[in-house]
$ cat target33.txt   # compact mmCIF, C-alpha atoms
# COMPACT_ATOMS: atom_id res chain seq x y z
CA MET R 1 -66.66 -31.72 -2.64
CA GLU R 2 -69.62 -32.07 -4.96
CA ALA R 3 -71.31 -35.41 -5.56
CA HIS R 4 -74.05 -36.44 -7.95
CA ALA R 5 -75.39 -40.01 -7.98
CA PHE R 6 -77.92 -41.98 -9.98
CA PHE R 7 -78.93 -45.63 -10.34
CA SER R 8 -78.93 -47.59 -13.55
CA HIS R 9 -78.81 -51.15 -14.92
CA LYS R 10 -75.82 -50.73 -17.21
CA PRO R 11 -73.68 -53.70 -18.31
CA HIS R 12 -71.07 -55.00 -15.90
CA SER R 13 -67.58 -53.52 -16.35
CA SER R 14 -64.55 -55.80 -16.61
CA LEU R 15 -62.29 -53.36 -14.80
CA PHE R 16 -63.13 -52.67 -11.17
CA THR R 17 -61.70 -52.41 -7.67
CA LYS R 18 -63.18 -54.63 -4.98
CA LEU R 19 -64.16 -53.12 -1.65
CA ARG R 20 -65.84 -55.31 0.97
CA ASN R 21 -68.44 -53.60 3.20
CA PRO R 22 -70.82 -55.92 5.10
CA HIS R 23 -73.04 -53.01 6.21
CA LEU R 24 -74.17 -52.43 2.63
CA VAL R 25 -75.74 -55.87 2.29
CA ASN R 26 -78.98 -56.92 3.94
CA GLN R 27 -78.77 -60.61 4.69
CA ASN R 28 -82.57 -61.04 4.58
CA ILE R 29 -83.09 -59.41 1.20
CA LYS R 30 -82.14 -60.68 -2.22
CA LEU R 31 -80.63 -57.87 -4.25
CA GLN R 32 -80.69 -57.63 -8.00
CA PRO R 33 -77.59 -56.34 -9.81
CA VAL R 34 -77.82 -52.57 -9.59
CA ARG R 35 -75.20 -49.99 -10.48
CA CYS R 36 -74.86 -46.64 -8.79
CA GLN R 37 -72.75 -44.01 -10.51
CA SER R 38 -71.56 -40.76 -8.99
CA GLN R 39 -69.47 -37.89 -10.22
CA ILE R 40 -66.96 -36.55 -7.71
CA LYS R 41 -64.89 -33.41 -8.03
CA SER R 42 -61.87 -31.97 -6.21
CA PHE R 43 -59.92 -35.25 -5.96
CA ASP R 44 -57.41 -33.85 -8.45
CA ASN R 45 -55.62 -30.55 -8.59
CA ASN R 46 -57.15 -29.67 -11.91
CA ASN R 47 -60.73 -30.18 -10.56
CA GLN R 48 -61.61 -32.25 -13.60
CA PRO R 49 -64.74 -34.39 -12.96
CA ARG R 50 -64.42 -38.16 -12.91
CA ARG R 51 -67.05 -40.85 -13.04
CA TRP R 52 -67.33 -43.55 -10.38
CA SER R 53 -69.53 -46.64 -10.62
CA PHE R 54 -70.78 -48.64 -7.62
CA GLU R 55 -72.10 -52.09 -8.43
CA PHE R 56 -74.12 -54.33 -6.09
CA LEU R 57 -74.33 -57.92 -7.31
CA ARG R 58 -75.42 -60.51 -4.73
CA GLN R 59 -75.60 -60.68 -0.97
CA THR R 60 -72.24 -62.34 -0.57
CA GLU R 61 -70.48 -60.35 -3.27
CA PRO R 62 -68.37 -57.31 -2.39
CA LEU R 63 -69.02 -53.79 -3.53
CA HIS R 64 -67.42 -53.04 -6.87
CA VAL R 65 -66.13 -49.54 -7.56
CA ILE R 66 -65.27 -48.66 -11.14
CA GLN R 67 -63.50 -45.47 -12.16
CA THR R 68 -63.96 -44.44 -15.77
CA SER R 69 -62.66 -41.56 -17.81
CA ASN R 70 -64.83 -38.67 -18.86
CA PRO R 71 -65.75 -39.48 -21.55
CA PRO R 72 -64.80 -43.19 -21.57
CA VAL R 73 -61.82 -43.91 -23.86
CA SER R 74 -60.30 -47.33 -24.54
CA MET R 75 -56.59 -47.96 -24.08
CA ALA R 76 -56.13 -48.54 -27.80
CA ALA R 77 -57.89 -45.29 -28.64
CA ALA R 78 -55.80 -43.43 -26.08
CA SER R 79 -52.61 -44.86 -27.55
CA ALA R 80 -53.70 -43.95 -31.06
CA SER R 81 -54.56 -40.45 -29.95
CA GLU R 82 -51.15 -40.04 -28.34
CA SER R 83 -49.38 -41.27 -31.46
CA ALA R 84 -51.41 -38.95 -33.64
CA SER R 85 -50.63 -36.00 -31.43
CA LYS R 86 -46.90 -36.60 -31.83
CA ALA R 87 -46.04 -35.07 -35.18
CA VAL R 88 -43.95 -37.20 -37.53
CA LYS R 89 -40.74 -35.49 -38.59
CA LYS R 90 -40.74 -35.22 -42.38
CA VAL R 91 -37.23 -35.30 -43.81
CA CYS R 92 -35.88 -34.42 -47.24
CA LEU R 93 -33.04 -36.87 -47.83
CA PHE R 94 -30.33 -35.97 -50.34
CA PHE R 95 -27.70 -38.48 -51.41
CA CYS R 96 -24.60 -38.89 -53.53
CA PRO R 97 -24.44 -41.30 -56.50
CA GLU R 98 -22.72 -44.01 -54.43
CA THR R 99 -25.40 -44.02 -51.73
CA LYS R 100 -28.45 -43.98 -54.01
CA ALA R 101 -29.36 -47.62 -53.36
CA LEU R 102 -29.03 -47.19 -49.58
CA ALA R 103 -31.07 -43.96 -49.73
CA GLU R 104 -33.88 -45.80 -51.50
CA ARG R 105 -33.86 -48.49 -48.81
CA ILE R 106 -34.02 -45.80 -46.13
CA ALA R 107 -36.94 -44.07 -47.81
CA ALA R 108 -38.76 -47.40 -48.04
CA GLN R 109 -38.65 -47.59 -44.22
CA SER R 110 -40.84 -44.51 -43.68
CA ASP R 111 -43.32 -42.39 -45.60
CA ALA R 112 -41.92 -39.39 -43.74
CA ILE R 113 -38.65 -39.57 -45.73
CA GLU R 114 -38.67 -37.96 -49.17
CA LEU R 115 -35.74 -38.45 -51.54
CA ARG R 116 -34.26 -35.38 -53.22
CA SER R 117 -31.62 -35.45 -55.95
CA ILE R 118 -28.56 -33.36 -56.75
CA ASN R 119 -26.98 -32.81 -60.16
CA TRP R 120 -23.46 -34.16 -59.83
CA ARG R 121 -21.45 -32.80 -62.75
CA THR R 122 -17.86 -31.79 -63.39
CA PHE R 123 -16.18 -29.08 -65.39
CA GLU R 124 -13.66 -29.93 -68.07
CA ASP R 125 -10.82 -29.57 -65.59
CA GLY R 126 -12.40 -32.21 -63.36
CA PHE R 127 -13.59 -29.95 -60.55
CA PRO R 128 -17.20 -30.41 -59.43
CA ASN R 129 -20.05 -28.50 -61.07
CA LEU R 130 -22.92 -29.05 -58.65
CA PHE R 131 -26.55 -27.96 -58.59
CA ILE R 132 -29.33 -28.46 -56.00
CA PRO R 133 -32.68 -28.51 -57.86
CA ASN R 134 -35.68 -26.72 -56.32
CA ALA R 135 -33.59 -25.14 -53.58
CA HIS R 136 -36.53 -22.90 -52.62
CA GLY R 137 -38.71 -25.97 -52.07
CA ILE R 138 -36.74 -27.18 -49.03
CA ARG R 139 -37.05 -23.95 -47.07
CA GLY R 140 -38.45 -24.67 -43.62
CA HIS R 141 -37.95 -28.44 -44.05
CA HIS R 142 -35.80 -30.90 -42.13
CA VAL R 143 -32.96 -31.91 -44.45
CA ALA R 144 -30.47 -34.78 -44.34
CA PHE R 145 -27.59 -35.79 -46.59
CA LEU R 146 -26.38 -39.40 -46.96
CA ALA R 147 -22.64 -39.30 -47.61
CA ALA R 148 -19.97 -41.83 -48.59
CA PHE R 149 -16.39 -40.58 -48.21
CA SER R 150 -14.87 -43.38 -50.26
CA SER R 151 -12.00 -41.31 -51.68
CA PRO R 152 -10.47 -37.84 -51.15
CA GLY R 153 -11.99 -36.58 -54.40
CA LYS R 154 -15.46 -37.71 -53.34
CA ILE R 155 -15.01 -36.00 -50.00
CA PHE R 156 -14.45 -32.59 -51.58
CA GLU R 157 -17.49 -32.61 -53.85
CA GLN R 158 -19.76 -33.89 -51.11
CA LEU R 159 -18.44 -31.35 -48.61
CA SER R 160 -19.37 -28.64 -51.11
CA VAL R 161 -23.00 -29.78 -50.93
CA ILE R 162 -22.87 -30.39 -47.17
CA TYR R 163 -21.72 -26.81 -46.58
CA ALA R 164 -24.37 -25.41 -48.93
CA LEU R 165 -27.51 -27.16 -47.68
CA PRO R 166 -27.71 -25.59 -44.18
CA LYS R 167 -27.68 -22.11 -45.75
CA LEU R 168 -30.91 -22.70 -47.67
CA PHE R 169 -33.12 -21.63 -44.71
CA ILE R 170 -33.89 -25.20 -43.66
CA SER R 171 -35.28 -26.14 -40.25
CA SER R 172 -32.48 -28.58 -39.39
CA PHE R 173 -29.63 -30.43 -41.06
CA THR R 174 -28.43 -33.99 -40.44
CA LEU R 175 -25.34 -35.51 -42.01
CA VAL R 176 -25.46 -39.31 -42.24
CA LEU R 177 -21.94 -40.65 -42.67
CA PRO R 178 -22.16 -44.40 -41.99
CA PHE R 179 -18.39 -44.90 -42.24
CA PHE R 180 -15.93 -42.38 -40.82
CA PRO R 181 -13.02 -43.21 -43.16
CA THR R 182 -10.04 -41.68 -41.33
CA GLY R 183 -10.98 -43.18 -37.97
CA THR R 184 -8.01 -45.58 -37.97
CA SER R 185 -5.57 -42.66 -38.02
CA GLU R 186 -6.57 -41.28 -34.64
CA ARG R 187 -3.23 -40.88 -32.85
CA MET R 188 0.45 -40.12 -33.23
CA GLU R 189 3.06 -42.80 -32.76
CA ASP R 190 6.07 -40.78 -33.94
CA GLU R 191 6.74 -37.07 -34.12
CA GLY R 192 5.46 -35.91 -37.49
CA ASP R 193 2.51 -38.32 -37.71
CA VAL R 194 -0.68 -36.57 -38.79
CA ALA R 195 -3.88 -37.78 -37.12
CA THR R 196 -6.23 -37.32 -40.06
CA ALA R 197 -9.20 -38.46 -37.97
CA PHE R 198 -8.88 -35.19 -36.07
CA THR R 199 -8.56 -33.27 -39.35
CA LEU R 200 -11.79 -34.67 -40.78
CA ALA R 201 -13.58 -34.14 -37.48
CA ARG R 202 -12.57 -30.47 -37.53
CA ILE R 203 -13.78 -30.07 -41.11
CA LEU R 204 -17.19 -31.51 -40.22
CA SER R 205 -17.32 -29.41 -37.06
CA ASN R 206 -17.30 -26.27 -39.21
CA ILE R 207 -20.43 -27.10 -41.21
CA PRO R 208 -22.59 -23.95 -41.15
CA THR R 209 -25.45 -23.99 -38.67
CA SER R 210 -29.00 -24.14 -39.98
CA ARG R 211 -31.99 -22.26 -38.63
CA GLY R 212 -32.53 -25.12 -36.18
CA GLY R 213 -29.01 -25.00 -34.76
CA PRO R 214 -25.88 -27.17 -35.13
CA THR R 215 -25.64 -30.03 -37.59
CA SER R 216 -26.37 -33.56 -36.36
CA LEU R 217 -23.91 -36.25 -37.45
CA VAL R 218 -24.99 -39.90 -37.59
CA THR R 219 -22.15 -42.42 -37.92
CA PHE R 220 -21.73 -46.12 -37.15
CA ASP R 221 -19.03 -47.88 -35.12
CA ILE R 222 -16.37 -45.19 -35.32
CA HIS R 223 -13.02 -46.88 -34.86
CA ALA R 224 -11.95 -45.36 -31.55
CA LEU R 225 -14.43 -44.21 -28.93
CA GLN R 226 -12.26 -41.25 -27.93
CA GLU R 227 -12.78 -39.76 -31.40
CA ARG R 228 -16.09 -38.35 -30.19
CA PHE R 229 -14.01 -35.70 -28.45
CA TYR R 230 -12.38 -34.65 -31.73
CA PHE R 231 -15.56 -32.88 -32.81
CA GLY R 232 -16.26 -29.25 -31.92
CA ASP R 233 -19.30 -27.66 -30.34
CA ASN R 234 -20.91 -26.77 -33.68
CA ILE R 235 -21.81 -30.37 -34.49
CA LEU R 236 -23.76 -33.00 -32.56
CA PRO R 237 -22.30 -36.48 -33.20
CA PHE R 238 -24.71 -39.39 -32.80
CA PHE R 239 -22.82 -42.69 -32.59
CA GLU R 240 -24.74 -45.77 -33.68
CA SER R 241 -23.68 -49.42 -33.99
CA GLY R 242 -24.33 -52.26 -36.37
CA ILE R 243 -24.00 -54.89 -33.64
CA PRO R 244 -27.80 -55.10 -33.08
CA LEU R 245 -28.10 -56.24 -36.70
CA LEU R 246 -25.53 -58.97 -36.06
CA LYS R 247 -27.27 -60.13 -32.88
CA ASN R 248 -30.57 -60.37 -34.72
CA ARG R 249 -28.95 -62.39 -37.50
CA LEU R 250 -27.22 -64.76 -35.07
CA GLN R 251 -30.53 -65.45 -33.35
CA GLN R 252 -31.92 -66.60 -36.70
CA LEU R 253 -29.25 -69.25 -37.19
CA PRO R 254 -30.20 -72.88 -36.52
CA ASP R 255 -27.13 -73.23 -34.26
CA SER R 256 -27.68 -69.97 -32.39
CA ASP R 257 -27.19 -71.78 -29.08
CA ASN R 258 -23.71 -72.88 -30.17
CA ILE R 259 -22.25 -69.45 -31.05
CA SER R 260 -18.82 -68.39 -29.79
CA ILE R 261 -17.63 -64.79 -30.09
CA ALA R 262 -14.00 -63.97 -30.90
CA PHE R 263 -12.30 -60.58 -31.01
CA PRO R 264 -9.05 -60.19 -32.96
CA ASP R 265 -7.59 -57.58 -30.60
CA ASP R 266 -8.11 -55.65 -27.40
CA GLY R 267 -9.62 -52.69 -29.24
CA ALA R 268 -12.42 -54.80 -30.68
CA TRP R 269 -13.11 -56.27 -27.24
CA LYS R 270 -13.37 -52.83 -25.66
CA ARG R 271 -15.74 -51.70 -28.39
CA PHE R 272 -18.16 -54.61 -28.54
CA HIS R 273 -17.94 -56.99 -25.59
CA LYS R 274 -20.66 -55.23 -23.59
CA GLN R 275 -23.07 -55.47 -26.53
CA LEU R 276 -22.38 -59.19 -26.82
CA GLN R 277 -22.39 -60.11 -23.15
CA HIS R 278 -24.99 -62.84 -23.54
CA PHE R 279 -22.44 -64.80 -25.59
CA PRO R 280 -19.83 -66.44 -23.29
CA MET R 281 -16.26 -65.34 -23.94
CA GLY R 282 -12.76 -65.41 -22.52
CA TYR R 283 -10.04 -62.74 -22.45
CA CYS R 284 -6.28 -63.23 -22.73
CA MET R 285 -4.32 -60.52 -20.89
CA ILE R 286 -1.13 -61.51 -22.68
CA CYS R 287 -2.24 -61.26 -26.30
CA HIS R 288 -5.24 -58.98 -25.80
CA THR R 289 -7.32 -61.40 -27.82
CA ILE R 290 -10.81 -62.41 -26.78
CA TYR R 291 -12.61 -65.63 -27.57
CA MET R 292 -15.60 -67.52 -26.25
CA GLN R 293 -13.97 -69.78 -23.66
CA ILE R 294 -10.71 -69.52 -25.58
CA VAL R 295 -7.50 -67.86 -24.38
CA CYS R 296 -4.65 -67.35 -26.81
CA ASN R 297 -1.35 -65.53 -27.02
CA LYS R 298 0.87 -64.11 -29.72
CA VAL R 299 4.36 -65.50 -30.12
CA ARG R 300 7.12 -63.74 -32.03
CA GLU R 301 9.75 -65.76 -33.83
CA GLY R 302 12.03 -63.33 -35.58
CA ASP R 303 9.90 -61.17 -37.89
CA GLN R 304 6.99 -63.60 -37.77
CA ARG R 305 4.06 -63.52 -35.39
CA PHE R 306 1.92 -66.51 -34.50
CA VAL R 307 -1.36 -66.83 -32.68
CA ARG R 308 -1.64 -69.79 -30.35
CA ILE R 309 -4.49 -70.91 -28.14
CA ARG R 310 -3.34 -71.15 -24.56
CA GLU R 311 -6.63 -71.98 -22.81
CA GLY R 312 -10.08 -73.01 -23.90
CA ASP R 313 -11.50 -75.34 -26.47
CA PRO R 314 -13.34 -74.23 -29.63
CA ARG R 315 -14.11 -77.79 -30.67
CA GLY R 316 -17.58 -78.18 -32.09
CA ARG R 317 -18.39 -74.48 -31.78
CA HIS R 318 -19.52 -71.93 -34.38
CA VAL R 319 -16.99 -69.15 -33.79
CA VAL R 320 -17.84 -65.63 -35.00
CA ILE R 321 -14.96 -63.14 -35.26
CA VAL R 322 -16.20 -59.56 -34.62
CA ASP R 323 -14.48 -56.26 -35.46
CA ASP R 324 -15.43 -52.77 -36.60
CA LEU R 325 -13.77 -52.90 -40.03
CA VAL R 326 -11.55 -54.92 -42.31
CA GLN R 327 -9.21 -53.70 -45.00
CA SER R 328 -7.16 -56.25 -46.91
CA GLY R 329 -7.99 -59.25 -44.75
CA GLY R 330 -4.50 -59.62 -43.36
CA THR R 331 -2.22 -62.64 -43.77
CA LEU R 332 0.99 -63.63 -42.05
CA ILE R 333 2.91 -62.50 -45.12
CA GLU R 334 1.32 -59.07 -44.88
CA CYS R 335 2.44 -58.87 -41.25
CA GLN R 336 6.01 -59.23 -42.46
CA MET R 337 5.53 -56.75 -45.31
CA GLU R 338 3.98 -54.20 -43.02
CA LYS R 339 7.03 -54.32 -40.77
CA LYS R 340 9.33 -54.08 -43.75
CA HIS R 341 7.54 -51.39 -45.73
CA GLY R 342 5.94 -49.43 -42.91
CA TRP R 343 2.34 -49.84 -44.02
CA GLY R 344 -0.17 -47.96 -41.86
CA ARG R 345 -2.42 -49.10 -39.06
CA GLU R 346 -5.26 -49.67 -41.52
CA ARG R 347 -3.81 -53.01 -42.58
CA ASN R 348 -2.79 -53.91 -39.06
CA LEU R 349 -6.44 -53.66 -38.00
CA ALA R 350 -7.39 -56.71 -40.00
CA ILE R 351 -4.23 -58.75 -39.52
CA GLY R 352 -5.15 -62.17 -38.30
CA PHE R 353 -8.59 -62.64 -39.85
CA LEU R 354 -7.40 -65.33 -42.23
CA PHE R 355 -4.74 -66.58 -39.84
CA LEU R 356 -7.22 -66.77 -36.96
CA LEU R 357 -9.42 -68.77 -39.28
CA LYS R 358 -6.74 -71.40 -39.66
CA VAL R 359 -5.81 -71.43 -35.97
CA LEU R 360 -9.39 -71.86 -34.79
CA ALA R 361 -10.04 -74.52 -37.41
CA ALA R 362 -6.92 -76.41 -36.35
CA HIS R 363 -8.29 -76.54 -32.81
CA GLY R 364 -11.56 -78.09 -33.84
CA ALA R 365 -13.98 -75.22 -34.51
CA ALA R 366 -16.95 -76.67 -36.39
CA LYS R 367 -17.76 -73.42 -38.22
CA ILE R 368 -16.11 -70.03 -38.44
CA SER R 369 -17.83 -66.80 -39.48
CA ALA R 370 -16.90 -63.13 -39.33
CA TYR R 371 -18.63 -59.78 -38.92
CA VAL R 372 -17.40 -56.24 -39.57
CA THR R 373 -19.54 -53.13 -39.74
CA HIS R 374 -17.39 -51.64 -42.49
CA GLY R 375 -16.12 -53.91 -45.25
CA ILE R 376 -13.62 -51.70 -47.08
CA PHE R 377 -11.67 -54.31 -49.08
CA PRO R 378 -9.54 -52.10 -51.36
CA ASN R 379 -8.38 -53.58 -54.64
CA ARG R 380 -11.08 -56.27 -54.45
CA SER R 381 -9.32 -57.94 -51.52
CA TRP R 382 -12.65 -59.48 -50.53
CA GLN R 383 -11.79 -62.21 -53.01
CA ARG R 384 -9.41 -63.65 -50.40
CA PHE R 385 -12.36 -65.02 -48.46
CA GLU R 386 -13.79 -68.26 -49.75
CA PRO R 387 -17.00 -69.93 -48.54
CA ASP R 388 -16.91 -73.07 -46.47
CA ASN R 389 -19.05 -75.36 -48.57
CA GLY R 390 -18.10 -78.75 -47.18
CA GLY R 391 -17.50 -78.52 -43.45
CA TYR R 392 -13.85 -77.49 -43.81
CA PRO R 393 -13.58 -74.25 -41.81
CA GLU R 394 -9.84 -74.00 -42.45
CA LEU R 395 -10.66 -73.38 -46.11
CA GLY R 396 -13.32 -70.71 -45.79
CA LEU R 397 -15.98 -68.89 -43.79
CA THR R 398 -19.53 -70.03 -43.24
CA TYR R 399 -20.69 -66.39 -43.26
CA PHE R 400 -19.00 -63.03 -43.62
CA TRP R 401 -21.45 -60.34 -42.56
CA ILE R 402 -20.92 -56.71 -43.47
CA THR R 403 -23.25 -53.71 -43.52
CA ASP R 404 -23.98 -51.43 -46.46
CA SER R 405 -21.86 -48.60 -45.02
CA CYS R 406 -19.38 -48.96 -47.91
CA PRO R 407 -21.49 -48.96 -51.10
CA VAL R 408 -18.64 -49.82 -53.45
CA THR R 409 -17.95 -53.07 -51.60
CA VAL R 410 -21.64 -53.94 -51.37
CA ARG R 411 -22.05 -53.79 -55.14
CA GLU R 412 -19.10 -56.15 -55.56
CA VAL R 413 -19.96 -58.81 -52.97
CA VAL R 414 -23.75 -58.96 -53.18
CA ASN R 415 -24.95 -62.54 -53.72
CA LYS R 416 -21.41 -63.84 -53.47
CA PRO R 417 -20.95 -66.37 -50.62
CA PRO R 418 -19.82 -66.22 -47.88
CA PHE R 419 -20.85 -62.55 -47.83
CA GLU R 420 -24.18 -61.35 -46.47
CA VAL R 421 -25.11 -57.67 -46.29
CA LEU R 422 -26.98 -56.40 -43.21
CA SER R 423 -28.63 -53.11 -44.12
CA LEU R 424 -28.35 -50.03 -41.92
CA SER R 425 -31.45 -48.53 -43.56
CA GLY R 426 -33.77 -49.17 -40.61
CA SER R 427 -31.32 -47.75 -38.09
CA ILE R 428 -30.73 -44.64 -40.20
CA ALA R 429 -34.46 -44.07 -40.76
CA ALA R 430 -35.01 -44.24 -37.00
CA ALA R 431 -32.11 -41.88 -36.33
CA LEU R 432 -33.58 -39.29 -38.70
CA GLN R 433 -36.69 -39.12 -36.51
CA ILE R 434 -34.74 -38.09 -33.42
$ encode --input "target33.txt" --output "structure tokens"
Amino acid sequence: MEAHAFFSHKPHSSLFTKLRNPHLVNQNIKLQPVRCQSQIKSFDNNNQPRRWSFEFLRQTEPLHVIQTSNPPVSMAAASASESASKAVKKVCLFFCPETKALAERIAAQSDAIELRSINWRTFEDGFPNLFIPNAHGIRGHHVAFLAAFSSPGKIFEQLSVIYALPKLFISSFTLVLPFFPTGTSERMEDEGDVATAFTLARILSNIPTSRGGPTSLVTFDIHALQERFYFGDNILPFFESGIPLLKNRLQQLPDSDNISIAFPDDGAWKRFHKQLQHFPMGYCMICHTIYMQIVCNKVREGDQRFVRIREGDPRGRHVVIVDDLVQSGGTLIECQMEKKHGWGRERNLAIGFLFLLKVLAAHGAAKISAYVTHGIFPNRSWQRFEPDNGGYPELGLTYFWITDSCPVTVREVVNKPPFEVLSLSGSIAAALQI
């Protein structure tokens, strides 16, 4: 071990370790503040020298030993240096016409995201005539595409671009598909049923690999958790959720301490109850319906189904119904029509939103709101939901929160109470840096 020491009168350090040693202090001599510094090697495996400071203050004061870096660096400077050393991932983000507004919000989140356009044209026969400008300019870059599979025709033209981009010698490719549209058709109930969720997952699993490897897929609140196993080994699904946006919004409400969470079915409870554990809730084993301190059951009378509260009391509470998506909004009449006409599970997913509204209001709920990550609302069915403007929750919702995963709906409901749009832009921008 090598040691070098010298004495100096440098300013007192605020960071030190106290060591008491009575033999170092002469009781008959008054000592002036003196600092002794030494450099000691071989304490670490890398034999890098460190600086040690020994400070004598007064007779009764202990010995102060200060270890400093070589050269001294502040914590803030060290943090800045570490951040600078970690390279920011620059991403070229392509988008379809429907997702242009969301793409602009994503780009506004980070200077590392650069928007790139595509010429979306069609031939006279209606088939897509597509062109990627400056294809040579994205070579060696990280590339992402923001998709919106709002209709089968849109899916085909966007898949054409999605399959083409990884072949342009890019470093990596990420597909951002906020809403996985066939997620509600994930299983067979009768022989002959086609699980189109599996079909779409297989199509995406065959996206060509880029120079960086398999495609990354970013999607939000896919309908059934088991659908992650529908994807093949050539794609890396990354499942995100919009629930953190809801939790942040609920915390901003003036009655945030009076919130009650309700789930319309067992599937919604399985998906979201762990993310909302800090809100008290109850679970009915009979009807598979979850409420905050509310237990209900479903009663069949002929072809009609009713929801009744068996336990709990929503009186005076602000009840928030939470699910992954909503289609038509679901009424009791639609329940009957679905049985009669054999409508698919898509409508069944949202059955009860309006009826639950009336049931909860009848039992004294002060306010009722709703949240879904994906507001689909075909045929402008969002118009079913009226705002509660006068303290009559049976007539409307205080808030209906949706995300901007379905751009067509967002354009229709923006600035129309009770709807509020919670943007996924920040979550997507963060996901692109992974």
$ residues_around --input "target33.txt" --residues "range 203-214 of chain R" --least-positions-apart "6" --cutoff "6 Å" --atoms "all atoms listed in the file" --output "list in words"
Tyr163, Pro166, Ser171, Ser172, Phe231, Gly232, Asn234 and Ile235 of chain R
$ atom_distance --input "target33.txt" --atom1 "CA of Leu432 in chain R" --atom2 "CA of Thr373 in chain R"
19.7 Å
$ closest_residue --input "target33.txt" --among "R:Leu175, R:Asp255, R:Ala108, R:His136" --to "Pro237 in chain R" --atoms "only C-alpha atoms"
R:Leu175
$ residues_around --input "target33.txt" --residues "Val408 in chain R" --least-positions-apart "6" --cutoff "12 Å" --atoms "all atoms listed in the file" --output "ChimeraX atom specification"
/R:97-102,148-151,374-380,382,414
$ write_last_selection --input "target33.txt" --atoms "C-alpha atoms" --output "PDB file, keeping the file's coordinate frame"
ATOM      1  CA  PRO R  97     -24.440 -41.300 -56.500  1.00  0.00           C
ATOM      2  CA  GLU R  98     -22.720 -44.010 -54.430  1.00  0.00           C
ATOM      3  CA  THR R  99     -25.400 -44.020 -51.730  1.00  0.00           C
ATOM      4  CA  LYS R 100     -28.450 -43.980 -54.010  1.00  0.00           C
ATOM      5  CA  ALA R 101     -29.360 -47.620 -53.360  1.00  0.00           C
ATOM      6  CA  LEU R 102     -29.030 -47.190 -49.580  1.00  0.00           C
ATOM      7  CA  ALA R 148     -19.970 -41.830 -48.590  1.00  0.00           C
ATOM      8  CA  PHE R 149     -16.390 -40.580 -48.210  1.00  0.00           C
ATOM      9  CA  SER R 150     -14.870 -43.380 -50.260  1.00  0.00           C
ATOM     10  CA  SER R 151     -12.000 -41.310 -51.680  1.00  0.00           C
ATOM     11  CA  HIS R 374     -17.390 -51.640 -42.490  1.00  0.00           C
ATOM     12  CA  GLY R 375     -16.120 -53.910 -45.250  1.00  0.00           C
ATOM     13  CA  ILE R 376     -13.620 -51.700 -47.080  1.00  0.00           C
ATOM     14  CA  PHE R 377     -11.670 -54.310 -49.080  1.00  0.00           C
ATOM     15  CA  PRO R 378      -9.540 -52.100 -51.360  1.00  0.00           C
ATOM     16  CA  ASN R 379      -8.380 -53.580 -54.640  1.00  0.00           C
ATOM     17  CA  ARG R 380     -11.080 -56.270 -54.450  1.00  0.00           C
ATOM     18  CA  TRP R 382     -12.650 -59.480 -50.530  1.00  0.00           C
ATOM     19  CA  VAL R 414     -23.750 -58.960 -53.180  1.00  0.00           C
TER      20      VAL R 414
END
$ residues_around --input "target33.txt" --residues "Leu225 in chain R" --least-positions-apart "3" --cutoff "10 Å" --atoms "all atoms listed in the file" --output "number ranges by chain"
R: 183, 221-222, 228-229, 239, 267, 270-271
$ residues_near_point --input "target33.txt" --point "(-25.9, -43.8, -49.4)" --cutoff "12 Å" --atoms "only C-alpha atoms" --output "compact mmCIF listing (two decimals) with C-alpha atoms, keeping the file's coordinate frame"
# COMPACT_ATOMS: atom_id res chain seq x y z
CA LEU R 93 -33.04 -36.87 -47.83
CA PHE R 94 -30.33 -35.97 -50.34
CA PHE R 95 -27.70 -38.48 -51.41
CA CYS R 96 -24.60 -38.89 -53.53
CA PRO R 97 -24.44 -41.30 -56.50
CA GLU R 98 -22.72 -44.01 -54.43
CA THR R 99 -25.40 -44.02 -51.73
CA LYS R 100 -28.45 -43.98 -54.01
CA ALA R 101 -29.36 -47.62 -53.36
CA LEU R 102 -29.03 -47.19 -49.58
CA ALA R 103 -31.07 -43.96 -49.73
CA GLU R 104 -33.88 -45.80 -51.50
CA ARG R 105 -33.86 -48.49 -48.81
CA ILE R 106 -34.02 -45.80 -46.13
CA ALA R 107 -36.94 -44.07 -47.81
CA LEU R 115 -35.74 -38.45 -51.54
CA ALA R 144 -30.47 -34.78 -44.34
CA PHE R 145 -27.59 -35.79 -46.59
CA LEU R 146 -26.38 -39.40 -46.96
CA ALA R 147 -22.64 -39.30 -47.61
CA ALA R 148 -19.97 -41.83 -48.59
CA PHE R 149 -16.39 -40.58 -48.21
CA SER R 150 -14.87 -43.38 -50.26
CA GLN R 158 -19.76 -33.89 -51.11
CA LEU R 175 -25.34 -35.51 -42.01
CA VAL R 176 -25.46 -39.31 -42.24
CA LEU R 177 -21.94 -40.65 -42.67
CA PRO R 178 -22.16 -44.40 -41.99
CA PHE R 179 -18.39 -44.90 -42.24
CA THR R 403 -23.25 -53.71 -43.52
CA ASP R 404 -23.98 -51.43 -46.46
CA SER R 405 -21.86 -48.60 -45.02
CA CYS R 406 -19.38 -48.96 -47.91
CA PRO R 407 -21.49 -48.96 -51.10
CA VAL R 408 -18.64 -49.82 -53.45
CA VAL R 410 -21.64 -53.94 -51.37
CA SER R 423 -28.63 -53.11 -44.12
CA LEU R 424 -28.35 -50.03 -41.92
CA SER R 425 -31.45 -48.53 -43.56
CA ILE R 428 -30.73 -44.64 -40.20
$ closest_residue --input "target33.txt" --among "R:His363, R:Arg411, R:Lys89, R:His141" --to "Arg315 in chain R" --atoms "only C-alpha atoms"
R:His363
$ closest_residue --input "target33.txt" --among "R:Leu356, R:Ala197, R:Leu236, R:Val88" --to "Thr174 in chain R" --atoms "all atoms listed in the file"
R:Leu236
